[in-house]
Amino acid sequence: MKGQIFSLIRTKYNTLSSSQKDVADYILTNPDKVMMNTLNEIAAACRVSETTVLRFLHKLNYNSYQLFRINLTQELSKDNQETVYDDVGFQDTEDEIIEKIIHSTVASIADSRQIIDPDSVKDVVGKIAGARRIVVAGVGASGFIAQDLYHKLIKLGLNAVCANDPHIMNILATGLDKDSFLILFSHSGESREVLDMAAIARERRCQVCAVTSYAKSTLANQAEYLLCSSSRETMFRSDAMTSRIVQMVVIDILYVSLVIALGDGILPQIHSSRLAVAKNKI
């Protein structure tokens, strides 16, 4: 646990109750005080019960507040305070905004190491490689992320299609079968259009991969495969923004893993794709 407390809190943030998030926020913004606080003092500062604090600690796999405080002290003593989250405020200058946004983005990418499961990546890569047809979809900002994966899949010569229009998504879903594979992007995991497509896919015995920030979302519960991209919500910069960046990292991981799984026989196809694009450049 040592050296990972702040990262662990951020990656677990979306699984916490509202009162537990109050505890998380207090610890992330006041680590020096927490080192000196008793359990009762933390509960009072967060306006929650001691039981709530203990339940929060259990989410981090700590059985006692004393052990948590010891590990926190060890982490801070190693000058790791740069990992503490610092939100943007109305008084911030452009220089401070740049620094904070870059810092939080880097932290989110680092946190993703604890979120992205290697076995899940391997399983999804296997499904992509073996699918007769791959359909990628998402709406809104998630639609643009889906386009990036689609772009990488067709570079490899795979039979892939992509959609971000609800009507087209449902039409594509009617053509799915047990030999197809559907990959859906949704930050919240609650987008109605995406859930509708997943429902049609299940009716047609097509397995679904969900790429979402919320492991307990409806989409995650309806998918056979799950790739999480969680990040912490902030005042001015929603967690959807940093989640989008983490999802791009997930896509790159899938792409590179897929290339390795396909072997060096795929290299001529990649080279051909590059040449085809190069013809459009001056």
# chains A, B, ... in the order shown; residues from 1 in each chain; ligands from 1
call {"tool": "residues_around", "arguments": {"residues": "segment 191-204 of chain A", "least_positions_apart": "5", "cutoff": "6 Å", "atoms": "only C-alpha atoms", "output": "list in words"}}
result
Pro166, Asn170, Ala173 and Asp177 of chain A
call {"tool": "write_last_selection", "arguments": {"atoms": "C-alpha atoms", "output": "PDB file, in the first residue's frame"}}
result
ATOM      1  CA  PRO A 166     -28.202   6.445 -32.459  1.00  0.00           C
ATOM      2  CA  ASN A 170     -29.173   0.417 -33.822  1.00  0.00           C
ATOM      3  CA  ALA A 173     -26.599  -3.747 -34.097  1.00  0.00           C
ATOM      4  CA  ASP A 177     -24.171 -12.169 -34.417  1.00  0.00           C
TER       5      ASP A 177
END
call {"tool": "residues_around", "arguments": {"residues": "segment 255-272 of chain A", "least_positions_apart": "6", "cutoff": "9 Å", "atoms": "only C-alpha atoms", "output": "mmCIF file with N, CA, C and O atoms, in the first residue's frame"}}
result
data_model
loop_
_atom_site.group_PDB
_atom_site.id
_atom_site.type_symbol
_atom_site.label_atom_id
_atom_site.label_comp_id
_atom_site.auth_asym_id
_atom_site.auth_seq_id
_atom_site.Cartn_x
_atom_site.Cartn_y
_atom_site.Cartn_z
ATOM 1 N N VAL A 121 -7.359 -6.831 -20.904
ATOM 2 C CA VAL A 121 -6.789 -6.368 -22.182
ATOM 3 C C VAL A 121 -6.524 -7.570 -23.086
ATOM 4 O O VAL A 121 -6.868 -7.564 -24.279
ATOM 5 N N LYS A 122 -5.909 -8.610 -22.529
ATOM 6 C CA LYS A 122 -5.596 -9.814 -23.312
ATOM 7 C C LYS A 122 -6.863 -10.451 -23.864
ATOM 8 O O LYS A 122 -6.905 -10.875 -25.037
ATOM 9 N N VAL A 125 -8.324 -8.237 -26.699
ATOM 10 C CA VAL A 125 -7.485 -8.367 -27.896
ATOM 11 C C VAL A 125 -7.794 -9.679 -28.615
ATOM 12 O O VAL A 125 -7.909 -9.723 -29.848
ATOM 13 N N GLY A 126 -7.955 -10.755 -27.842
ATOM 14 C CA GLY A 126 -8.286 -12.044 -28.438
ATOM 15 C C GLY A 126 -9.627 -12.017 -29.156
ATOM 16 O O GLY A 126 -9.769 -12.593 -30.246
ATOM 17 N N ILE A 128 -11.108 -9.312 -30.438
ATOM 18 C CA ILE A 128 -10.972 -8.476 -31.635
ATOM 19 C C ILE A 128 -10.316 -9.263 -32.761
ATOM 20 O O ILE A 128 -10.772 -9.256 -33.915
ATOM 21 N N ALA A 129 -9.228 -9.963 -32.429
ATOM 22 C CA ALA A 129 -8.473 -10.709 -33.438
ATOM 23 C C ALA A 129 -9.297 -11.833 -34.053
ATOM 24 O O ALA A 129 -9.132 -12.168 -35.237
ATOM 25 N N LEU A 149 -10.350 4.316 -32.105
ATOM 26 C CA LEU A 149 -10.142 2.869 -32.133
ATOM 27 C C LEU A 149 -10.472 2.319 -33.517
ATOM 28 O O LEU A 149 -9.726 1.472 -34.052
ATOM 29 N N LYS A 152 -7.668 2.821 -35.918
ATOM 30 C CA LYS A 152 -6.540 1.915 -35.703
ATOM 31 C C LYS A 152 -6.861 0.502 -36.182
ATOM 32 O O LYS A 152 -5.982 -0.212 -36.690
ATOM 33 N N LEU A 153 -8.104 0.079 -36.019
ATOM 34 C CA LEU A 153 -8.485 -1.271 -36.444
ATOM 35 C C LEU A 153 -8.442 -1.424 -37.961
ATOM 36 O O LEU A 153 -7.973 -2.450 -38.475
ATOM 37 N N LYS A 155 -6.598 0.250 -39.965
ATOM 38 C CA LYS A 155 -5.193 0.285 -40.366
ATOM 39 C C LYS A 155 -4.601 -1.116 -40.387
ATOM 40 O O LYS A 155 -3.671 -1.400 -41.145
ATOM 41 N N LEU A 156 -5.138 -1.978 -39.543
ATOM 42 C CA LEU A 156 -4.665 -3.361 -39.480
ATOM 43 C C LEU A 156 -5.405 -4.269 -40.460
ATOM 44 O O LEU A 156 -5.182 -5.477 -40.489
ATOM 45 N N GLY A 157 -6.299 -3.665 -41.257
ATOM 46 C CA GLY A 157 -7.034 -4.442 -42.248
ATOM 47 C C GLY A 157 -8.174 -5.259 -41.669
ATOM 48 O O GLY A 157 -8.684 -6.171 -42.318
#
call {"tool": "select_by_dssp", "arguments": {"residues": "segment 60-258 of chain A", "states": "helix (DSSP H, G or I)", "output": "number ranges by chain"}}
result
A: 65-77, 81-83, 94-115, 118-130, 141-155, 166-173, 192-203, 218-222, 239-258
call {"tool": "residues_around", "arguments": {"residues": "Cys228 of chain A", "least_positions_apart": "6", "cutoff": "6 Å", "atoms": "only C-alpha atoms", "output": "PyMOL selection string"}}
result
chain A and resi 211-213
call {"tool": "residues_around", "arguments": {"residues": "Ala215 of chain A", "least_positions_apart": "3", "cutoff": "12 Å", "atoms": "only C-alpha atoms", "output": "ChimeraX atom specification"}}
result
/A:11-16,115-116,186-190,210-212,218-223,225-231
call {"tool": "write_last_selection", "arguments": {"atoms": "N, CA, C and O atoms", "output": "compact mmCIF listing (two decimals), in the first residue's frame"}}
result
# COMPACT_ATOMS: atom_id res chain seq x y z
N THR A 11 -8.46 6.40 -7.85
CA THR A 11 -9.01 5.33 -8.68
C THR A 11 -10.27 4.72 -8.09
O THR A 11 -11.09 4.17 -8.81
N LYS A 12 -10.43 4.84 -6.78
CA LYS A 12 -11.63 4.31 -6.13
C LYS A 12 -12.72 5.36 -6.00
O LYS A 12 -13.85 5.05 -5.58
N TYR A 13 -12.44 6.60 -6.37
CA TYR A 13 -13.32 7.73 -6.08
C TYR A 13 -14.74 7.51 -6.60
O TYR A 13 -15.72 7.79 -5.91
N ASN A 14 -14.85 7.02 -7.81
CA ASN A 14 -16.17 6.87 -8.41
C ASN A 14 -16.99 5.75 -7.79
O ASN A 14 -18.18 5.62 -8.08
N THR A 15 -16.39 4.93 -6.94
CA THR A 15 -17.12 3.85 -6.28
C THR A 15 -17.61 4.26 -4.89
O THR A 15 -18.29 3.47 -4.22
N LEU A 16 -17.26 5.47 -4.46
CA LEU A 16 -17.58 5.91 -3.10
C LEU A 16 -18.98 6.52 -3.02
O LEU A 16 -19.49 7.07 -4.00
N ILE A 115 -5.95 0.64 -12.68
CA ILE A 115 -7.31 0.39 -13.15
C ILE A 115 -7.35 -0.63 -14.28
O ILE A 115 -8.20 -1.51 -14.32
N ILE A 116 -6.42 -0.49 -15.23
CA ILE A 116 -6.44 -1.32 -16.42
C ILE A 116 -5.91 -2.72 -16.09
O ILE A 116 -4.75 -2.87 -15.71
N SER A 186 -18.55 4.70 -23.24
CA SER A 186 -19.45 5.59 -22.51
C SER A 186 -18.80 5.94 -21.18
O SER A 186 -18.59 5.05 -20.35
N HIS A 187 -18.48 7.21 -21.00
CA HIS A 187 -17.84 7.63 -19.75
C HIS A 187 -18.69 7.23 -18.55
O HIS A 187 -18.21 6.61 -17.60
N SER A 188 -19.96 7.56 -18.57
CA SER A 188 -20.85 7.28 -17.44
C SER A 188 -21.32 5.84 -17.42
O SER A 188 -21.66 5.30 -16.36
N GLY A 189 -21.37 5.21 -18.58
CA GLY A 189 -21.93 3.87 -18.66
C GLY A 189 -23.45 3.88 -18.57
O GLY A 189 -24.07 2.83 -18.39
N GLU A 190 -24.05 5.05 -18.72
CA GLU A 190 -25.50 5.18 -18.58
C GLU A 190 -26.15 5.83 -19.80
O GLU A 190 -27.34 6.18 -19.74
N ALA A 210 -17.32 -3.10 -22.76
CA ALA A 210 -17.62 -1.75 -22.30
C ALA A 210 -16.33 -1.04 -21.91
O ALA A 210 -15.52 -1.59 -21.17
N VAL A 211 -16.14 0.17 -22.44
CA VAL A 211 -15.04 1.02 -22.01
C VAL A 211 -15.67 2.21 -21.30
O VAL A 211 -16.27 3.08 -21.93
N THR A 212 -15.56 2.23 -19.98
CA THR A 212 -16.27 3.22 -19.17
C THR A 212 -15.48 3.57 -17.91
O THR A 212 -14.55 2.85 -17.55
N THR A 218 -24.53 0.62 -15.51
CA THR A 218 -25.42 -0.30 -16.21
C THR A 218 -24.72 -0.96 -17.38
O THR A 218 -24.84 -2.17 -17.60
N LEU A 219 -23.96 -0.17 -18.14
CA LEU A 219 -23.25 -0.73 -19.30
C LEU A 219 -22.23 -1.78 -18.86
O LEU A 219 -22.14 -2.85 -19.47
N ALA A 220 -21.49 -1.47 -17.81
CA ALA A 220 -20.49 -2.43 -17.32
C ALA A 220 -21.15 -3.74 -16.90
O ALA A 220 -20.61 -4.82 -17.16
N ASN A 221 -22.32 -3.64 -16.29
CA ASN A 221 -23.02 -4.84 -15.83
C ASN A 221 -23.61 -5.64 -16.98
O ASN A 221 -23.85 -6.85 -16.84
N GLN A 222 -23.82 -4.99 -18.12
CA GLN A 222 -24.41 -5.67 -19.26
C GLN A 222 -23.37 -6.20 -20.24
O GLN A 222 -23.72 -6.87 -21.21
N ALA A 223 -22.10 -5.90 -20.00
CA ALA A 223 -21.03 -6.30 -20.92
C ALA A 223 -20.29 -7.54 -20.42
O ALA A 223 -20.13 -7.73 -19.21
N TYR A 225 -17.14 -8.01 -21.30
CA TYR A 225 -15.77 -7.54 -21.12
C TYR A 225 -15.80 -6.09 -20.66
O TYR A 225 -16.63 -5.30 -21.11
N LEU A 226 -14.87 -5.74 -19.77
CA LEU A 226 -14.87 -4.39 -19.20
C LEU A 226 -13.45 -3.83 -19.15
O LEU A 226 -12.52 -4.48 -18.66
N LEU A 227 -13.30 -2.61 -19.66
CA LEU A 227 -12.05 -1.86 -19.54
C LEU A 227 -12.40 -0.53 -18.89
O LEU A 227 -13.17 0.26 -19.44
N CYS A 228 -11.85 -0.29 -17.70
CA CYS A 228 -12.20 0.91 -16.94
C CYS A 228 -11.22 2.05 -17.20
O CYS A 228 -10.03 1.84 -17.41
N SER A 229 -11.75 3.25 -17.14
CA SER A 229 -10.94 4.47 -17.30
C SER A 229 -11.45 5.51 -16.32
O SER A 229 -12.13 6.44 -16.68
N SER A 230 -11.14 5.31 -15.05
CA SER A 230 -11.70 6.15 -14.01
C SER A 230 -10.80 7.33 -13.70
O SER A 230 -9.59 7.25 -13.81
N SER A 231 -11.41 8.42 -13.27
CA SER A 231 -10.67 9.59 -12.84
C SER A 231 -11.56 10.41 -11.92
O SER A 231 -12.77 10.22 -11.87
call {"tool": "residues_around", "arguments": {"residues": "Tyr62 of chain A", "least_positions_apart": "5", "cutoff": "12 Å", "atoms": "only C-alpha atoms", "output": "MDAnalysis selection string"}}
result
chainID A and resid 1:2 5 8:9 53:57 67:72
call {"tool": "residues_around", "arguments": {"residues": "Tyr150 of chain A", "least_positions_apart": "6", "cutoff": "7 Å", "atoms": "only C-alpha atoms", "output": "ChimeraX atom specification"}}
result
/A:136,160-162
call {"tool": "select_by_dssp", "arguments": {"residues": "segment 67-172 of chain A", "states": "strand (DSSP E or B)", "output": "ChimeraX atom specification"}}
result
/A:133-138,160-163
call {"tool": "write_last_selection", "arguments": {"atoms": "N, CA and C atoms", "output": "tab-separated table (two decimals), in the first residue's frame"}}
result
chain	number	residue	atom	x	y	z
A	133	ARG	N	-16.50	-9.60	-37.48
A	133	ARG	CA	-16.78	-8.18	-37.68
A	133	ARG	C	-16.72	-7.47	-36.34
A	134	ILE	N	-16.11	-6.30	-36.31
A	134	ILE	CA	-16.00	-5.51	-35.08
A	134	ILE	C	-16.79	-4.22	-35.28
A	135	VAL	N	-17.68	-3.94	-34.36
A	135	VAL	CA	-18.46	-2.71	-34.41
A	135	VAL	C	-18.07	-1.87	-33.19
A	136	VAL	N	-17.71	-0.62	-33.42
A	136	VAL	CA	-17.29	0.30	-32.37
A	136	VAL	C	-18.26	1.47	-32.34
A	137	ALA	N	-18.71	1.87	-31.15
A	137	ALA	CA	-19.70	2.94	-31.10
A	137	ALA	C	-19.63	3.71	-29.79
A	138	GLY	N	-20.15	4.93	-29.84
A	138	GLY	CA	-20.25	5.81	-28.67
A	138	GLY	C	-20.96	7.07	-29.12
A	160	ALA	N	-13.94	-3.65	-39.57
A	160	ALA	CA	-14.51	-2.85	-38.50
A	160	ALA	C	-15.35	-1.72	-39.05
A	161	VAL	N	-16.38	-1.36	-38.29
A	161	VAL	CA	-17.22	-0.21	-38.62
A	161	VAL	C	-17.43	0.59	-37.34
A	162	CYS	N	-17.81	1.86	-37.50
A	162	CYS	CA	-17.97	2.73	-36.34
A	162	CYS	C	-19.18	3.64	-36.54
A	163	ALA	N	-19.85	3.95	-35.44
A	163	ALA	CA	-21.00	4.86	-35.52
A	163	ALA	C	-21.15	5.65	-34.23
call {"tool": "closest_residue", "arguments": {"among": "A:His167, A:Arg274, A:Lys279, A:Lys59", "to": "Val23 of chain A", "atoms": "only C-alpha atoms"}}
result
A:Lys59
call {"tool": "residues_around", "arguments": {"residues": "Ala43 of chain A", "least_positions_apart": "2", "cutoff": "12 Å", "atoms": "only C-alpha atoms", "output": "list in words"}}
result
Ser19, Gln20, Asp22, Val23, Ala24, Tyr26, Ile27, Val34, Asn37, Thr38, Leu39, Asn40, Glu41, Ala45, Cys46, Arg47, Val48, Ser49, Glu50, Thr51, Thr52, Val53, Leu54, Arg55, Phe56 and Tyr65 of chain A
